[in-house]
Every structure is written in C-alpha cells, then in structure tokens.
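Down below is the structure, laid out as structure tokens.
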Amino acid sequence: MSQAAHAAPSPYLAIALVVVAGVASGLLTPRGPITATQAFVSLIGLLAAGVAVGTIWPSRWVLLAAPVLYAVVVEVSRAGLDGASIDRPSFGSTLEVVAFIVGRVLPGIVTLLPLVAGAAVGIHAASRLGRPDAVGLGPLGWSLTTAALVFLGLVAVMVARPASTAPIVGDGAPERSVAELVEIDVNGSRQSLMVRGRDTTNPVLLYLHGGPGGTDLGAIRRDVGLEQDFVVVAWDQRGSGRSYPSIDPTSQITVDQMVSDTVAVTEYLIDRFGVDGVYLVGQSWGSGLGALAAKARPDLYHAFVGVGQMVSWDDTDRMFWEDTLAWAERTGNTGLAERLRSDGPPPYDDIRKYGPITSAEHDWNPYPGFDPNNEMPAILFVPEYSVIERVNAFRGFFDVATVLYPQLAGLDFRLHIPVLQVPYYMVLGEHEARGRVVPAEEWLVMLEAPYKEKVVFSGAGHRANFDRPAEFAGLMRTVAGRHSGS
C-alpha cells in the first residue's frame, strides 16, 4: 500500500468538528439545552461528535482540547445574549455562584461531558483497531469513561421523566375537579399554567408569582386549602419556571408585555371556565404586576390581593441596602460592608450588584416562623417540574431579572396608581421588611378604591400566603363572599 493509504486523518479535521459543534450549540441552544428534547439531542449529538473527534485525533490531549475549544466557541457564538446565567461569570455573592452553576456547570453535564466521554471512546476504539498514532487510555482511563457513560445514561433517564400534577382525590374523586399542567399561547409565546380545583364551577383565582423570574408551583402544592374553594391557576410568566423556553427574544421581556400577558391569561380563564371575572393574587413582584393589570383592566377582576406588596422598587432597594449595611457593620462582616459602600445605594444597572443585598435578607431580617421549605430550591422538588425545568427555574430567576428588573426603576405606585377600580386587599406579614412595608402603607393610605383593607398575618414574613396558608385560604373565602361580581 502507498504511504498515503496509511496516513492518519489530520487533527485539523477533529478541530473543525469541535468548532462546528460549538457554533451549532451556540446558535441553536444559546442558553444551553432548555427542553428535554434539546437535552437528548445535545447529549447524543455531542457524544457522537466526541467519538468522531477521538477517532480522528486519538491523543489524550484531545480530552482537554475538545471541551475547552467547544466552550470557547459556544461563548463567542452566543455573545450579546442577555441573562445573568450566561453573562461574564462573577462570584461576589451566593446568587452569583448559583447563576454560574445553573448557567454553565449543569448544562455542561449534557454538553461537555458527553463530548469528553465520546472522545475517550473514540481514542479507545482507535487503539483497539491498531492505529499506530493511538494512545491507550489505560485501565483507569477506561474505568472513568465507563463511569461517565453510566452517569450520562442515568441523566438521560432523569431528563425523560415529564412533569405531572396529582389528581384531586377524596370523597370519591370529584367529577368536576381539575388538575393539570397545560401550555397555552400567550401573545404569541407558549407559557405554562398549573390548574387545580375541586370543582370547576368554583370561582377562579389567578396567582402571579414573584421575582421577576420566579415560580411558585411547589409552594402552592404544599397546601391544598385554596383548591377546595377556588380553581387555582398558577401561571409561570414569560421566561420563568416552566415557561423559560419563552424567554427569547428578551426584547419582549418588558413591564408592558407582562401586563399584556396577564390580561391575555385572564381572558383565557374567563372564556374557559365561563366566569365573568377572576380573583387576582400577586406576591412580591407579582403584587406589582397585579396592581398594574388591575389598573389596566379592572373589568376582568372581582378583587385584587397583593401579598408582600411592592410599591416602589427604588425605595425598597435603598432601604434594603441601608439595612444590609447596618447589619454587616454590626456583625463585623467587613467584606460585605466594603462591597456595599463601594457599590453605593441602588438602583444599579448591573443586576449582579443586587446579589449581596438579596442574599442577606434573612440574615438581617430573621423571624421565628421562617420556613425554607417555602423557598427555592426546596419548592422545586415536586412532580410539577421535570429535571430540566428545575434548572430552568433558576435560569429564569436570573435571566428575566437581568432584563426586567432595571425597567422597574422609577416605578412608584404612589405616583402612578393613585386609583384602583377594584376592591383591594394588602396582605403583609408581621415580619415583613421595612423596605416593603413603608412604601406599601403609604400607598394604601392615599389609594382610592371601591374597598381597601390591610391584613397582617401574625408570625409571617414576605411570603405571608405561604407562611400562613390556612389563614390566607380563609381570607380568600372572605374576599369571594364580599366581592362576587355577580
């Protein structure tokens, strides 16, 4: 045979394959795999690409070069995309570390790991085929490769499990009950609802989660009190939770768009359940969104209930900064105090600067009734989320906030919503932070509404509806009894 017939494929071909894979991933899945289908395609495709790369270039160096080159190409290909989970990594707070993990480390399990494992398989295959340029992995290397392949198989099984919500049971499985996870079209994007109720003829309650970018399906599922008397609809807003795939284009993540989406979801529920209005409940950011929606379309709502009411994000953040700094100085946390002084008081253009303030809230504002099981990540470990959706819940929290939170600067309901044309209930926890309480109480005093009332839940904090679910369900029954709309 000629010398050309024995020549090994050029390593440049392997490099080209990695570059093509990186460009494809960066353009087609710029935020990493965000659906089960994308995860499977990435895992299988990059495993196959890795085998090809390892076979073409059967050197141990490829086990390092391939993932590094792939990661660099992906970063370049998706440059300019908005979102804290894929922005330049920083590690100045717990939230920034979490953003790095969910934005880069966890997606790497179905991208970088199969690429490396596949390359190892390719190297092993080239060695077994007697390629003179192949370098064997050795017993340890092959054992690690086998372990990686087994692990990827387990990941595939976990990713394959779809989300679900349990049926309503008790007293013979009510015939008119509803328990479902459904995706609907909301102004041109697919968004997710959890709909649960013992009787579909009961009043409809639309719940708006906080954040922006949060999700509360797991928190709602911890107590079934509301669904006994209401059809409870928990909507994961655009780019949030189970609706994370709707995040792009981020140019549509605006306050006005969120209000329009709220109206669209409300109209869907009115049409589906044949009611003349719904009861609107918002928590934290959701309370702000709810106030804006109730102002825009009061004809759609029997009443609005704001839990942990937000009124002025600027004032709240400034007081949070003051309270965090005072706590840091009092406890000798000089590192935190120095960073806060360096950043100065909010608002900030860089969302990451809020991390130290947000992360420390339960340190400077502790209370005996605080239950971490009502918070992320605990509320994500319910059947209503698939594995990918749990990761997406964190990504949505960071990426939606990156785009939307700066838009809240300057918004102040004391100036912009002096009147609501629906009955309004403000629900505050006894231990709510002063940064929220002060603007909220000032707004309530000046607000004109057909009916308004402040309700304080003893022993509760910012998420008073979840800290005291039985009391909240009782309040909602009272609200529905007073304001039926019919």
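Quick note on naming: the chains in the structure tokens go A, B, ... in the order shown, residues restart at 1 in each chain, and ligands are numbered from 1 in order of appearance.
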Residue contacts of Thr94 of chain A (7 Å, only C-alpha atoms) excluding same-chain residues fewer than 3 positions away, as a list in words =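 What passes the distance filter is Val97, Val98 and Ser359 of chain A.
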Those same residues - C-alpha atoms - I'd like them written as an mmCIF file, in the first residue's frame.
```
data_model
loop_
_atom_site.group_PDB
_atom_site.id
_atom_site.type_symbol
_atom_site.label_atom_id
_atom_site.label_comp_id
_atom_site.auth_asym_id
_atom_site.auth_seq_id
_atom_site.Cartn_x
_atom_site.Cartn_y
_atom_site.Cartn_z
ATOM 1 C CA VAL A 97 -22.261 31.410 42.278
ATOM 2 C CA VAL A 98 -25.665 29.788 41.758
ATOM 3 C CA SER A 359 -28.741 37.110 49.699
#
```
message = Which residues are near segment 343-348 of chain A? Cut-off 7 Å, only C-alpha atoms, ignore same chain within fewer than 4 positions. Put them as a list in words.
response =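 Contacts, with the query itself left out: Asp314, Asp317, Arg318, Trp321, Arg339, Lys353 and Ala409 of chain A.
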Write the selection just made, keeping N, CA and C atoms, as a PDB file, in the first residue's frame?
```pdb
ATOM      1  N   ASP A 314     -37.335  51.315  43.862  1.00  0.00           N
ATOM      2  CA  ASP A 314     -36.200  52.168  44.229  1.00  0.00           C
ATOM      3  C   ASP A 314     -36.118  52.358  45.742  1.00  0.00           C
ATOM      4  N   ASP A 317     -35.280  48.970  47.548  1.00  0.00           N
ATOM      5  CA  ASP A 317     -33.879  48.571  47.396  1.00  0.00           C
ATOM      6  C   ASP A 317     -32.949  49.474  48.200  1.00  0.00           C
ATOM      7  N   ARG A 318     -33.264  50.764  48.237  1.00  0.00           N
ATOM      8  CA  ARG A 318     -32.414  51.674  49.010  1.00  0.00           C
ATOM      9  C   ARG A 318     -32.461  51.325  50.491  1.00  0.00           C
ATOM     10  N   TRP A 321     -30.538  48.180  51.133  1.00  0.00           N
ATOM     11  CA  TRP A 321     -29.098  48.469  51.157  1.00  0.00           C
ATOM     12  C   TRP A 321     -28.701  49.032  52.518  1.00  0.00           C
ATOM     13  N   ARG A 339     -18.059  46.040  50.216  1.00  0.00           N
ATOM     14  CA  ARG A 339     -18.643  45.935  48.873  1.00  0.00           C
ATOM     15  C   ARG A 339     -19.867  46.837  48.750  1.00  0.00           C
ATOM     16  N   LYS A 353     -25.144  43.397  41.137  1.00  0.00           N
ATOM     17  CA  LYS A 353     -24.858  44.185  42.336  1.00  0.00           C
ATOM     18  C   LYS A 353     -25.940  44.028  43.406  1.00  0.00           C
ATOM     19  N   ALA A 409     -37.043  50.569  37.839  1.00  0.00           N
ATOM     20  CA  ALA A 409     -36.519  51.795  38.443  1.00  0.00           C
ATOM     21  C   ALA A 409     -37.418  52.969  38.064  1.00  0.00           C
TER      22      ALA A 409
END
```
Dump as CSV the rows for residues of segment 335-415 of chain A within 10 Å of segment 248-263 of chain A: closest atom pair and distance in Å with one decimal, only C-alpha atoms counted, ordered by chain and rising residue number.
```
residue,atom,partner,partner_atom,distance
A:Asp399,CA,A:Thr250,CA,9.1
A:Val400,CA,A:Ile253,CA,7.3
A:Ala401,CA,A:Ile253,CA,9.5
A:Thr402,CA,A:Thr250,CA,9.9
A:Val403,CA,A:Ile253,CA,6.7
A:Leu404,CA,A:Thr254,CA,6.0
A:Tyr405,CA,A:Val255,CA,9.2
A:Gln407,CA,A:Val255,CA,7.2
A:Leu408,CA,A:Val255,CA,7.8
```
Could you write those residues out with N, CA and C atoms, as a PDB file, in the first residue's frame?
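What follows is the written file result.pdb:
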```pdb
ATOM      1  N   ASP A 399     -32.233  35.310  34.573  1.00  0.00           N
ATOM      2  CA  ASP A 399     -32.232  35.923  33.250  1.00  0.00           C
ATOM      3  C   ASP A 399     -33.380  36.909  33.054  1.00  0.00           C
ATOM      4  N   VAL A 400     -34.564  36.591  33.580  1.00  0.00           N
ATOM      5  CA  VAL A 400     -35.670  37.543  33.482  1.00  0.00           C
ATOM      6  C   VAL A 400     -35.363  38.785  34.307  1.00  0.00           C
ATOM      7  N   ALA A 401     -34.829  38.586  35.507  1.00  0.00           N
ATOM      8  CA  ALA A 401     -34.493  39.730  36.354  1.00  0.00           C
ATOM      9  C   ALA A 401     -33.452  40.626  35.689  1.00  0.00           C
ATOM     10  N   THR A 402     -32.491  40.025  34.992  1.00  0.00           N
ATOM     11  CA  THR A 402     -31.468  40.815  34.303  1.00  0.00           C
ATOM     12  C   THR A 402     -32.098  41.817  33.349  1.00  0.00           C
ATOM     13  N   VAL A 403     -33.133  41.381  32.650  1.00  0.00           N
ATOM     14  CA  VAL A 403     -33.767  42.223  31.636  1.00  0.00           C
ATOM     15  C   VAL A 403     -34.839  43.128  32.237  1.00  0.00           C
ATOM     16  N   LEU A 404     -35.657  42.571  33.133  1.00  0.00           N
ATOM     17  CA  LEU A 404     -36.856  43.278  33.585  1.00  0.00           C
ATOM     18  C   LEU A 404     -36.623  44.172  34.797  1.00  0.00           C
ATOM     19  N   TYR A 405     -35.766  43.738  35.712  1.00  0.00           N
ATOM     20  CA  TYR A 405     -35.636  44.489  36.963  1.00  0.00           C
ATOM     21  C   TYR A 405     -35.191  45.940  36.749  1.00  0.00           C
ATOM     22  N   GLN A 407     -35.983  47.857  34.495  1.00  0.00           N
ATOM     23  CA  GLN A 407     -37.126  48.621  33.998  1.00  0.00           C
ATOM     24  C   GLN A 407     -38.039  49.097  35.124  1.00  0.00           C
ATOM     25  N   LEU A 408     -37.886  48.516  36.315  1.00  0.00           N
ATOM     26  CA  LEU A 408     -38.745  48.883  37.440  1.00  0.00           C
ATOM     27  C   LEU A 408     -38.253  50.134  38.155  1.00  0.00           C
TER      28      LEU A 408
END
```
key: Non-local contacts of segment 432-442 of chain A (8 Å; only C-alpha atoms; under 5 positions in same chain excluded) as a list in words   = Gly308, Gln309, Met310, Val311, Ser312, Asp315, Thr316, Asp317, Arg318, Met319, Phe320, Asn365, Arg414, Ala460, Gly461 and His462 of chain A
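Counting only C-alpha atoms, segment 71-80 of chain A has the following residues at most 8 Å away, ignoring those fewer than 3 positions along the same chain: Val19, Gly22, Val23, Ser25, Gly26, Leu27, Pro30, Pro67, Val68 and Leu112 of chain A.
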ask   = If you measure from atom CA of Pro423 of chain A to atom CA of Leu300 of chain A, what distance in Å do you get, rounded to one decimal?
value = 12.2 Å
query = What's the 7 Å shell around Leu63 of chain A, counting only C-alpha atoms, without same-chain residues fewer than 6 positions away, as JSON, numbers by chain?
reply = {"A": [116, 119, 120]}
task = Enumerate as a PyMOL selection string all residues of segment 130-185 of chain A assigned to strand (DSSP E) by DSSP on the backbone, naming them with the chain letters and numbers the document uses.
result = chain A and resi 178-185
inquiry  = For segment 180-192 of chain A, find every residue with an atom within 7 Å (counting only C-alpha atoms), except residues of its own chain fewer than 3 positions away, and show them as a ChimeraX atom specification.
reply    = /A:164-165,195-196,235-238,242-243,246,261,264-265
